[in-house]
$ cat entry_36.txt   # compact mmCIF, C-alpha atoms
# COMPACT_ATOMS: atom_id res chain seq x y z
CA MET A 1 19.06 27.20 5.76
CA THR A 2 19.46 23.68 4.45
CA ALA A 3 22.06 22.82 7.08
CA ALA A 4 19.79 24.02 9.87
CA VAL A 5 16.87 22.00 8.61
CA GLU A 6 19.01 18.89 8.22
CA ARG A 7 20.38 19.28 11.76
CA SER A 8 16.81 19.40 13.06
CA VAL A 9 16.00 16.18 11.22
CA VAL A 10 19.11 14.26 12.24
CA ALA A 11 18.99 14.93 15.98
CA PRO A 12 15.75 16.60 17.06
CA ALA A 13 15.42 17.08 20.80
CA GLY A 14 12.61 15.13 22.39
CA VAL A 15 12.19 12.70 19.49
CA GLU A 16 13.46 9.21 20.22
CA PRO A 17 15.85 7.51 17.80
CA ASP A 18 14.72 4.64 15.60
CA GLY A 19 13.81 1.55 17.61
CA ALA A 20 13.47 3.32 20.95
CA ALA A 21 9.70 2.88 20.93
CA LEU A 22 10.21 -0.87 20.49
CA ARG A 23 13.01 -1.27 23.04
CA ARG A 24 11.02 0.23 25.89
CA PRO A 25 8.24 -2.43 25.87
CA ALA A 26 10.95 -5.11 25.62
CA GLU A 27 12.58 -3.78 28.80
CA ARG A 28 9.27 -3.81 30.63
CA GLU A 29 8.62 -7.34 29.39
CA ALA A 30 11.96 -8.53 30.82
CA ARG A 31 10.93 -7.36 34.31
CA ARG A 32 7.77 -9.50 34.36
CA PRO A 33 7.70 -12.80 36.34
CA LEU A 34 8.58 -15.89 34.33
CA TRP A 35 5.12 -17.46 34.63
CA GLN A 36 3.49 -14.32 33.23
CA ARG A 37 5.82 -14.30 30.23
CA VAL A 38 5.21 -18.02 29.59
CA LEU A 39 1.45 -17.54 29.81
CA PHE A 40 1.61 -14.51 27.52
CA VAL A 41 3.67 -16.35 24.90
CA ALA A 42 1.35 -19.38 25.10
CA ALA A 43 -1.68 -17.15 24.54
CA LEU A 44 0.01 -15.51 21.53
CA VAL A 45 0.95 -18.88 20.04
CA GLY A 46 -2.59 -20.18 20.54
CA ALA A 47 -4.11 -17.13 18.89
CA ALA A 48 -1.61 -17.37 16.01
CA VAL A 49 -2.49 -21.03 15.45
CA ILE A 50 -6.22 -20.25 15.38
CA PHE A 51 -5.74 -17.44 12.87
CA MET A 52 -3.39 -19.51 10.71
CA LEU A 53 -5.62 -22.60 10.45
CA PRO A 54 -7.81 -21.28 7.57
CA PHE A 55 -4.76 -20.31 5.53
CA VAL A 56 -3.06 -23.63 6.23
CA TRP A 57 -6.20 -25.44 5.06
CA LEU A 58 -6.30 -23.24 1.95
CA ILE A 59 -2.73 -24.18 1.02
CA SER A 60 -3.37 -27.85 1.75
CA ALA A 61 -6.60 -27.99 -0.26
CA SER A 62 -4.98 -26.20 -3.20
CA LEU A 63 -2.38 -29.01 -3.38
CA ARG A 64 -4.90 -31.88 -3.58
CA PRO A 65 -6.57 -33.50 -6.59
CA ARG A 66 -10.11 -32.37 -7.38
CA GLU A 67 -11.89 -35.24 -5.68
CA TYR A 68 -9.92 -34.72 -2.44
CA VAL A 69 -10.16 -30.92 -2.15
CA PHE A 70 -12.76 -30.98 0.65
CA ALA A 71 -11.43 -34.09 2.39
CA PRO A 72 -10.86 -33.68 6.16
CA GLY A 73 -7.41 -33.00 7.49
CA PHE A 74 -4.63 -30.51 6.89
CA LEU A 75 -2.17 -32.65 4.95
CA PRO A 76 -2.16 -32.43 1.12
CA VAL A 77 -2.66 -36.15 0.52
CA PRO A 78 -2.66 -37.07 -2.34
CA PHE A 79 -0.20 -34.38 -3.40
CA ALA A 80 -1.05 -32.48 -6.60
CA PRO A 81 1.21 -29.42 -7.15
CA GLU A 82 0.15 -29.32 -10.79
CA ASN A 83 -2.95 -27.39 -9.66
CA TYR A 84 -0.85 -24.22 -9.66
CA ALA A 85 0.40 -24.86 -13.17
CA GLU A 86 -3.21 -25.38 -14.25
CA ALA A 87 -4.21 -22.07 -12.65
CA TRP A 88 -1.43 -20.24 -14.50
CA ARG A 89 -2.50 -21.81 -17.79
CA ALA A 90 -6.25 -21.29 -17.34
CA VAL A 91 -6.23 -17.52 -16.77
CA PRO A 92 -3.75 -14.62 -17.25
CA LEU A 93 -2.67 -14.46 -13.61
CA VAL A 94 0.61 -12.71 -14.43
CA THR A 95 -1.23 -9.85 -16.13
CA TRP A 96 -3.67 -9.52 -13.23
CA LEU A 97 -0.82 -9.55 -10.70
CA LEU A 98 1.02 -6.79 -12.55
CA ASN A 99 -2.18 -4.75 -12.86
CA SER A 100 -2.83 -5.07 -9.13
CA LEU A 101 0.76 -4.08 -8.36
CA VAL A 102 0.61 -0.97 -10.56
CA VAL A 103 -2.80 0.11 -9.28
CA GLY A 104 -1.88 -0.64 -5.65
CA VAL A 105 1.38 1.34 -5.74
CA ALA A 106 -0.29 4.27 -7.53
CA ALA A 107 -3.25 4.33 -5.13
CA ALA A 108 -1.07 4.02 -2.01
CA ALA A 109 1.46 6.64 -3.13
CA ALA A 110 -1.26 9.08 -4.20
CA VAL A 111 -3.25 8.89 -0.97
CA THR A 112 -0.17 8.94 1.26
CA LEU A 113 1.38 12.05 -0.28
CA SER A 114 -1.87 13.98 -0.72
CA SER A 115 -3.06 13.16 2.80
CA ALA A 116 0.34 14.14 4.23
CA TRP A 117 0.15 17.55 2.53
CA VAL A 118 -3.34 18.20 3.92
CA ALA A 119 -2.37 16.91 7.36
CA PHE A 120 0.66 19.23 7.40
CA GLY A 121 -1.61 22.18 6.61
CA PHE A 122 -3.99 21.34 9.44
CA ALA A 123 -1.14 20.73 11.89
CA TYR A 124 1.08 23.72 11.10
CA PHE A 125 -1.10 26.62 9.98
CA ARG A 126 -3.33 28.58 12.35
CA PHE A 127 -6.37 30.11 10.64
CA PRO A 128 -9.99 30.88 11.56
CA GLY A 129 -12.31 27.92 11.14
CA ARG A 130 -9.48 25.38 11.08
CA ASN A 131 -11.15 23.03 13.57
CA LEU A 132 -14.51 23.35 11.80
CA LEU A 133 -12.93 22.53 8.45
CA PHE A 134 -11.07 19.58 9.96
CA GLY A 135 -14.34 18.34 11.47
CA LEU A 136 -15.99 18.51 8.03
CA VAL A 137 -13.12 16.44 6.62
CA LEU A 138 -13.64 13.81 9.31
CA ALA A 139 -17.41 13.88 8.70
CA THR A 140 -16.81 12.54 5.19
CA MET A 141 -15.77 9.25 6.79
CA MET A 142 -19.43 8.71 7.71
CA LEU A 143 -20.50 8.68 4.06
CA PRO A 144 -20.72 5.08 2.83
CA PHE A 145 -19.22 4.28 -0.56
CA ALA A 146 -22.69 3.49 -1.93
CA VAL A 147 -23.73 7.14 -1.50
CA THR A 148 -20.97 8.49 -3.74
CA MET A 149 -20.67 5.50 -6.07
CA ILE A 150 -23.07 6.70 -8.80
CA PRO A 151 -21.99 10.38 -8.84
CA THR A 152 -18.36 9.30 -8.96
CA TYR A 153 -19.07 6.94 -11.84
CA LEU A 154 -20.84 9.71 -13.76
CA ILE A 155 -17.80 11.96 -13.32
CA TRP A 156 -15.42 9.35 -14.68
CA SER A 157 -17.87 8.57 -17.48
CA GLU A 158 -17.95 12.24 -18.52
CA LEU A 159 -14.15 12.21 -18.54
CA ARG A 160 -14.29 9.07 -20.76
CA LEU A 161 -12.08 7.15 -18.33
CA THR A 162 -14.35 4.19 -17.69
CA ASP A 163 -12.88 0.84 -18.72
CA THR A 164 -9.46 2.16 -17.69
CA GLN A 165 -7.49 1.72 -14.48
CA VAL A 166 -7.44 5.47 -13.74
CA PRO A 167 -10.62 5.50 -11.56
CA LEU A 168 -9.10 2.78 -9.38
CA TRP A 169 -6.38 5.10 -8.05
CA ALA A 170 -6.82 8.70 -9.24
CA GLY A 171 -9.47 9.48 -6.62
CA ASN A 172 -6.77 9.06 -3.99
CA LEU A 173 -5.07 12.22 -5.25
CA PHE A 174 -7.59 14.12 -3.12
CA GLY A 175 -6.53 12.41 0.10
CA SER A 176 -8.38 10.31 2.64
CA ALA A 177 -9.99 11.59 5.84
CA PHE A 178 -8.67 8.64 7.85
CA TYR A 179 -5.05 9.12 6.77
CA ILE A 180 -5.31 12.91 7.16
CA PHE A 181 -6.40 12.38 10.75
CA LEU A 182 -3.64 9.81 11.39
CA LEU A 183 -0.86 11.96 9.95
CA ARG A 184 -2.14 15.19 11.52
CA GLN A 185 -2.03 13.63 14.98
CA PHE A 186 1.50 12.46 14.31
CA LEU A 187 2.55 15.91 13.11
CA LEU A 188 1.00 17.61 16.15
CA SER A 189 3.29 15.54 18.38
CA LEU A 190 6.36 17.22 16.83
CA PRO A 191 7.61 20.37 18.61
CA ARG A 192 6.51 23.45 16.70
CA GLU A 193 9.85 25.11 17.53
CA TYR A 194 11.56 22.97 14.84
CA PHE A 195 9.42 24.50 12.14
CA GLU A 196 9.64 28.04 13.52
CA ALA A 197 13.43 27.82 13.68
CA ALA A 198 13.56 26.61 10.07
CA ARG A 199 11.23 29.43 8.99
CA MET A 200 13.47 32.01 10.66
CA ASP A 201 16.39 30.47 8.78
CA GLY A 202 14.58 31.09 5.48
CA ALA A 203 12.93 27.74 4.77
CA SER A 204 9.84 27.83 2.57
CA TYR A 205 6.69 25.87 3.37
CA PRO A 206 7.49 23.10 0.87
CA GLN A 207 10.96 22.81 2.44
CA LEU A 208 9.39 22.55 5.88
CA PHE A 209 7.35 19.60 4.64
CA TRP A 210 9.92 17.74 2.54
CA LYS A 211 13.09 18.34 4.58
CA LEU A 212 11.74 18.52 8.12
CA ALA A 213 8.28 16.99 8.53
CA PHE A 214 8.57 14.23 5.92
CA PRO A 215 11.58 12.42 7.50
CA LEU A 216 10.11 12.69 11.01
CA ILE A 217 6.74 11.16 10.06
CA ARG A 218 8.18 8.44 7.82
CA PRO A 219 6.91 5.57 10.05
CA ALA A 220 3.37 6.98 9.90
CA LEU A 221 3.65 7.41 6.13
CA LEU A 222 4.66 3.76 5.82
CA VAL A 223 1.63 2.71 7.87
CA ALA A 224 -0.66 4.71 5.57
CA PHE A 225 1.04 3.30 2.46
CA VAL A 226 0.74 -0.33 3.59
CA PHE A 227 -2.88 0.11 4.70
CA GLU A 228 -3.90 1.64 1.37
CA PHE A 229 -1.91 -0.86 -0.70
CA LYS A 230 -3.67 -3.69 1.11
CA ALA A 231 -7.06 -2.00 0.57
CA SER A 232 -6.38 -1.58 -3.14
CA TRP A 233 -5.00 -5.11 -3.50
CA THR A 234 -8.19 -6.64 -2.08
CA ASP A 235 -10.69 -4.21 -3.63
CA LEU A 236 -13.26 -5.93 -5.83
CA LEU A 237 -16.07 -3.36 -6.08
CA LYS A 238 -14.28 -0.66 -8.09
CA PRO A 239 -12.89 -3.09 -10.71
CA LEU A 240 -16.37 -4.59 -11.03
CA ILE A 241 -17.80 -1.13 -11.72
CA TYR A 242 -15.19 0.29 -14.09
CA LEU A 243 -13.36 -2.56 -15.85
CA ARG A 244 -14.67 -4.50 -18.84
CA ASP A 245 -11.47 -5.52 -20.63
CA GLU A 246 -10.11 -8.74 -19.11
CA HIS A 247 -6.53 -7.60 -19.72
CA LEU A 248 -7.11 -4.61 -17.40
CA TYR A 249 -8.48 -6.70 -14.52
CA THR A 250 -6.86 -6.53 -11.13
CA LEU A 251 -6.37 -9.72 -9.17
CA PRO A 252 -9.66 -9.60 -7.15
CA ARG A 253 -11.62 -8.99 -10.38
CA GLY A 254 -9.74 -11.82 -12.03
CA LEU A 255 -10.44 -14.17 -9.13
CA LYS A 256 -14.13 -13.38 -9.58
CA VAL A 257 -13.77 -14.67 -13.15
CA VAL A 258 -11.97 -17.77 -11.85
CA LEU A 259 -14.73 -18.37 -9.31
CA ASP A 260 -17.47 -17.98 -11.92
CA ARG A 261 -15.69 -20.17 -14.43
CA PHE A 262 -14.34 -22.93 -12.21
CA GLY A 263 -16.42 -22.68 -9.05
CA TYR A 264 -20.12 -21.98 -8.52
CA GLY A 265 -22.12 -22.91 -11.58
CA GLY A 266 -18.96 -23.63 -13.54
CA GLU A 267 -16.71 -26.63 -13.99
CA GLN A 268 -16.42 -27.32 -10.23
CA GLN A 269 -12.63 -27.21 -10.42
CA TRP A 270 -12.17 -25.89 -6.90
CA GLU A 271 -8.50 -26.80 -6.85
CA VAL A 272 -7.91 -24.10 -9.50
CA VAL A 273 -9.92 -21.55 -7.50
CA LEU A 274 -7.98 -22.30 -4.31
CA ALA A 275 -4.62 -22.18 -6.10
CA GLY A 276 -5.49 -18.75 -7.48
CA SER A 277 -6.48 -17.60 -3.98
CA VAL A 278 -3.13 -18.68 -2.56
CA ILE A 279 -1.27 -16.88 -5.35
CA SER A 280 -3.20 -13.68 -4.63
CA THR A 281 -2.41 -13.87 -0.90
CA VAL A 282 1.34 -14.52 -1.05
CA PRO A 283 2.38 -11.01 -2.26
CA MET A 284 0.69 -9.35 0.73
CA ILE A 285 2.47 -11.73 3.13
CA ILE A 286 5.80 -10.90 1.49
CA LEU A 287 5.05 -7.17 1.72
CA PHE A 288 4.26 -7.39 5.42
CA PHE A 289 7.44 -9.31 6.21
CA LEU A 290 9.57 -6.85 4.24
CA ALA A 291 8.03 -3.82 5.98
CA GLN A 292 7.34 -5.50 9.31
CA ARG A 293 9.91 -3.68 11.45
CA HIS A 294 9.06 -0.20 10.15
CA PHE A 295 5.35 -0.96 10.07
CA ILE A 296 5.16 -2.08 13.71
CA GLU A 297 7.42 0.79 14.76
CA GLY A 298 5.10 3.26 13.05
CA ILE A 299 2.03 1.84 14.81
CA ALA A 300 3.80 1.74 18.19
CA THR A 301 5.15 5.28 17.83
CA GLY A 302 1.83 6.63 16.62
CA GLY A 303 -0.02 4.99 19.49
CA ARG A 304 2.49 6.34 22.01
CA LYS A 305 2.27 9.87 20.62
CA GLY A 306 -1.46 9.88 19.91
$ encode --input "entry_36.txt" --output "structure tokens"
Amino acid sequence: MTAAVERSVVAPAGVEPDGAALRRPAEREARRPLWQRVLFVAALVGAAVIFMLPFVWLISASLRPREYVFAPGFLPVPFAPENYAEAWRAVPLVTWLLNSLVVGVAAAAAVTLSSAWVAFGFAYFRFPGRNLLFGLVLATMMLPFAVTMIPTYLIWSELRLTDTQVPLWAGNLFGSAFYIFLLRQFLLSLPREYFEAARMDGASYPQLFWKLAFPLIRPALLVAFVFEFKASWTDLLKPLIYLRDEHLYTLPRGLKVVLDRFGYGGEQQWEVVLAGSVISTVPMIILFFLAQRHFIEGIATGGRKG
């Protein structure tokens, strides 16, 4: 049974090998006239410059002395790299970074795996009321966070888990309607014959998921993981609601402390605030560059199959 399942994963008919979804647009691009390609690249470069300007200004302003933070221009003149050392000394940035990393990985892993299990159930099993139940799952996306905020807080309060990091990620163990929809559509694009052949060979349902479906939907899983990690990394509302101990703060909650202490109504040390903002942004940039190839491939493949 295991050999049959592994053969289906290694060389499934009808599923393109890694990179095929990216090579096809490149071939079409090569057939375009030169002036169209030049115009397209120029438009992309112009859009990239426009989107990069705020971040470039942020880096430049964070490297200036206090009296020159809001000076015009994009060059850090005078140059003051000691602003970053001051930010590290003023607040426990290392602790907040580690807290954000732990919470982000836990939240992303929990929602990716739980949503994948639910999506596999909706994609594979045929049962009465399946479409109605799936519609009810999607309907939960229309509920704003403010509607469930108080009931959810009361639940965590009864469990005596407030002022801990558990509420920041444990709710993701029940999946997310958006990721369930995304992964279900990806699973529906896989030929059902793969799963039926594995079932006839004696594979159990968990084996169908882990040994057959899981490797084939890996790009979509990576997209869900990166999306949720980014959402958790930038989330301020939940830490504001649940966290009181400064040593448990995530980075957005810590930056709120930095802003209150050194920004508005504080000591007006905006260079410290901007340095902390740059430090909080860099890990997400590194994550995107590390996962860029798989991430773009997952989006391209999902869009082609959806």
$ residues_around --input "entry_36.txt" --residues "Pro81 (chain A)" --least-positions-apart "2" --cutoff "10 Å" --atoms "all atoms listed in the file" --output "list in words"
Ser62, Leu63, Arg64, Pro65, Pro76, Pro78, Phe79, Asn83, Tyr84, Ala85, Glu86 and Ala275 of chain A
$ write_last_selection --input "entry_36.txt" --atoms "C-alpha atoms" --output "PDB file, in the frame of the given file"
ATOM      1  CA  SER A  62      -4.980 -26.200  -3.200  1.00  0.00           C
ATOM      2  CA  LEU A  63      -2.380 -29.010  -3.380  1.00  0.00           C
ATOM      3  CA  ARG A  64      -4.900 -31.880  -3.580  1.00  0.00           C
ATOM      4  CA  PRO A  65      -6.570 -33.500  -6.590  1.00  0.00           C
ATOM      5  CA  PRO A  76      -2.160 -32.430   1.120  1.00  0.00           C
ATOM      6  CA  PRO A  78      -2.660 -37.070  -2.340  1.00  0.00           C
ATOM      7  CA  PHE A  79      -0.200 -34.380  -3.400  1.00  0.00           C
ATOM      8  CA  ASN A  83      -2.950 -27.390  -9.660  1.00  0.00           C
ATOM      9  CA  TYR A  84      -0.850 -24.220  -9.660  1.00  0.00           C
ATOM     10  CA  ALA A  85       0.400 -24.860 -13.170  1.00  0.00           C
ATOM     11  CA  GLU A  86      -3.210 -25.380 -14.250  1.00  0.00           C
ATOM     12  CA  ALA A 275      -4.620 -22.180  -6.100  1.00  0.00           C
TER      13      ALA A 275
END
$ atom_distance --input "entry_36.txt" --atom1 "CA of Leu216 (chain A)" --atom2 "CA of Phe195 (chain A)"
11.9 Å
$ residues_around --input "entry_36.txt" --residues "Met149 (chain A)" --least-positions-apart "3" --cutoff "12 Å" --atoms "all atoms listed in the file" --output "list in words"
Leu143, Pro144, Phe145, Ala146, Thr152, Tyr153, Leu154, Ile155, Trp156, Pro167, Gly171, Leu237, Lys238, Ile241 and Tyr242 of chain A
$ residues_around --input "entry_36.txt" --residues "Leu93 (chain A)" --least-positions-apart "2" --cutoff "12 Å" --atoms "all atoms listed in the file" --output "JSON, numbers by chain"
{"A": [84, 85, 86, 87, 88, 89, 90, 91, 95, 96, 97, 98, 99, 100, 246, 247, 248, 249, 250, 251, 252, 253, 254, 255, 257, 258, 272, 273, 275, 276, 277, 278, 279, 280]}
$ closest_residue --input "entry_36.txt" --among "A:Phe229, A:Thr140, A:Phe214, A:Ala71" --to "Phe120 (chain A)" --atoms "only C-alpha atoms"
A:Phe214
$ closest_residue --input "entry_36.txt" --among "A:Val102, A:Leu161, A:Ala177, A:Leu34" --to "Phe134 (chain A)" --atoms "only C-alpha atoms"
A:Ala177
$ atom_distance --input "entry_36.txt" --atom1 "CA of Phe178 (chain A)" --atom2 "CA of Ala291 (chain A)"
20.9 Å
$ residues_around --input "entry_36.txt" --residues "Leu75 (chain A)" --least-positions-apart "2" --cutoff "7 Å" --atoms "all atoms listed in the file" --output "list of chain:residue names"
A:Ser60, A:Gly73, A:Val77
$ closest_residue --input "entry_36.txt" --among "A:Tyr179, A:Phe227, A:Phe122, A:Trp35" --to "Gly104 (chain A)" --atoms "only C-alpha atoms"
A:Phe227
$ closest_residue --input "entry_36.txt" --among "A:Arg160, A:Asp260, A:Met52, A:Leu182" --to "Pro219 (chain A)" --atoms "only C-alpha atoms"
A:Leu182
$ atom_distance --input "entry_36.txt" --atom1 "CA of Ala61 (chain A)" --atom2 "CA of Glu82 (chain A)"
12.6 Å
$ axis_aligned_box --input "entry_36.txt" --around "region 126-145 of chain A" --padding-each-side "5 Å" --output "lines of an AutoDock Vina configuration file"
center_x = -12.0
center_y = 17.6
center_z = 6.5
size_x = 27.4
size_y = 36.6
size_z = 24.1
$ closest_residue --input "entry_36.txt" --among "A:Phe74, A:Gly46, A:Ala123, A:Asp235" --to "Leu58 (chain A)" --atoms "only C-alpha atoms"
A:Phe74
$ closest_residue --input "entry_36.txt" --among "A:Gln36, A:Thr164, A:Ser189, A:Gln269" --to "Ala213 (chain A)" --atoms "only C-alpha atoms"
A:Ser189
$ decode --input "entry_36.txt" --residues "region 280-290 of chain A" --atoms "all heavy atoms" --output "short mmCIF file (atom, residue, chain, number, x, y, z; two decimals), in the first residue's frame"
data_model
loop_
_atom_site.label_atom_id
_atom_site.label_comp_id
_atom_site.auth_asym_id
_atom_site.auth_seq_id
_atom_site.Cartn_x
_atom_site.Cartn_y
_atom_site.Cartn_z
N SER A 280 11.05 45.59 13.40
CA SER A 280 9.88 44.71 13.33
C SER A 280 9.54 44.31 11.90
O SER A 280 8.89 43.29 11.68
CB SER A 280 8.67 45.41 13.96
OG SER A 280 8.25 46.52 13.17
N THR A 281 9.98 45.10 10.93
CA THR A 281 9.66 44.82 9.52
C THR A 281 10.65 43.86 8.88
O THR A 281 10.27 43.06 8.02
CB THR A 281 9.63 46.13 8.72
OG1 THR A 281 8.75 47.06 9.36
CG2 THR A 281 9.15 45.90 7.30
N VAL A 282 11.89 43.91 9.28
CA VAL A 282 12.94 43.12 8.63
C VAL A 282 12.67 41.62 8.64
O VAL A 282 12.86 40.94 7.62
CB VAL A 282 14.31 43.44 9.26
CG1 VAL A 282 15.37 42.44 8.82
CG2 VAL A 282 14.73 44.86 8.90
N PRO A 283 12.21 41.02 9.76
CA PRO A 283 11.96 39.56 9.73
C PRO A 283 10.96 39.13 8.68
O PRO A 283 11.12 38.06 8.06
CB PRO A 283 11.45 39.26 11.15
CG PRO A 283 12.05 40.33 11.99
CD PRO A 283 12.06 41.55 11.14
N MET A 284 9.90 39.92 8.43
CA MET A 284 8.93 39.55 7.42
C MET A 284 9.53 39.63 6.01
O MET A 284 9.20 38.83 5.14
CB MET A 284 7.71 40.47 7.50
CG MET A 284 6.82 40.21 8.70
SD MET A 284 6.30 38.48 8.85
CE MET A 284 5.56 38.18 7.26
N ILE A 285 10.41 40.59 5.78
CA ILE A 285 11.10 40.68 4.48
C ILE A 285 11.98 39.46 4.27
O ILE A 285 12.01 38.86 3.18
CB ILE A 285 11.91 41.98 4.41
CG1 ILE A 285 10.99 43.20 4.50
CG2 ILE A 285 12.75 42.03 3.14
CD1 ILE A 285 11.71 44.52 4.54
N ILE A 286 12.71 39.06 5.33
CA ILE A 286 13.56 37.88 5.22
C ILE A 286 12.73 36.63 4.95
O ILE A 286 13.07 35.80 4.11
CB ILE A 286 14.39 37.71 6.51
CG1 ILE A 286 15.36 38.89 6.68
CG2 ILE A 286 15.14 36.39 6.51
CD1 ILE A 286 16.13 38.87 7.98
N LEU A 287 11.59 36.50 5.65
CA LEU A 287 10.72 35.35 5.44
C LEU A 287 10.23 35.28 4.00
O LEU A 287 10.21 34.21 3.39
CB LEU A 287 9.53 35.40 6.40
CG LEU A 287 8.44 34.34 6.20
CD1 LEU A 287 9.01 32.95 6.49
CD2 LEU A 287 7.23 34.62 7.07
N PHE A 288 9.83 36.41 3.44
CA PHE A 288 9.32 36.40 2.08
C PHE A 288 10.41 36.00 1.09
O PHE A 288 10.16 35.21 0.17
CB PHE A 288 8.77 37.77 1.70
CG PHE A 288 8.29 37.83 0.28
CD1 PHE A 288 7.06 37.31 -0.08
CD2 PHE A 288 9.07 38.41 -0.71
CE1 PHE A 288 6.61 37.35 -1.40
CE2 PHE A 288 8.64 38.47 -2.02
CZ PHE A 288 7.40 37.93 -2.36
N PHE A 289 11.62 36.50 1.27
CA PHE A 289 12.69 36.15 0.34
C PHE A 289 13.07 34.68 0.46
O PHE A 289 13.39 34.03 -0.54
CB PHE A 289 13.90 37.04 0.56
CG PHE A 289 13.82 38.36 -0.15
CD1 PHE A 289 13.58 39.53 0.54
CD2 PHE A 289 13.99 38.43 -1.52
CE1 PHE A 289 13.49 40.74 -0.11
CE2 PHE A 289 13.90 39.63 -2.19
CZ PHE A 289 13.65 40.80 -1.49
N LEU A 290 13.02 34.13 1.66
CA LEU A 290 13.35 32.72 1.83
C LEU A 290 12.30 31.81 1.19
O LEU A 290 12.62 30.76 0.63
CB LEU A 290 13.49 32.38 3.32
CG LEU A 290 14.70 32.99 4.04
CD1 LEU A 290 14.68 32.62 5.52
CD2 LEU A 290 16.00 32.50 3.41
#
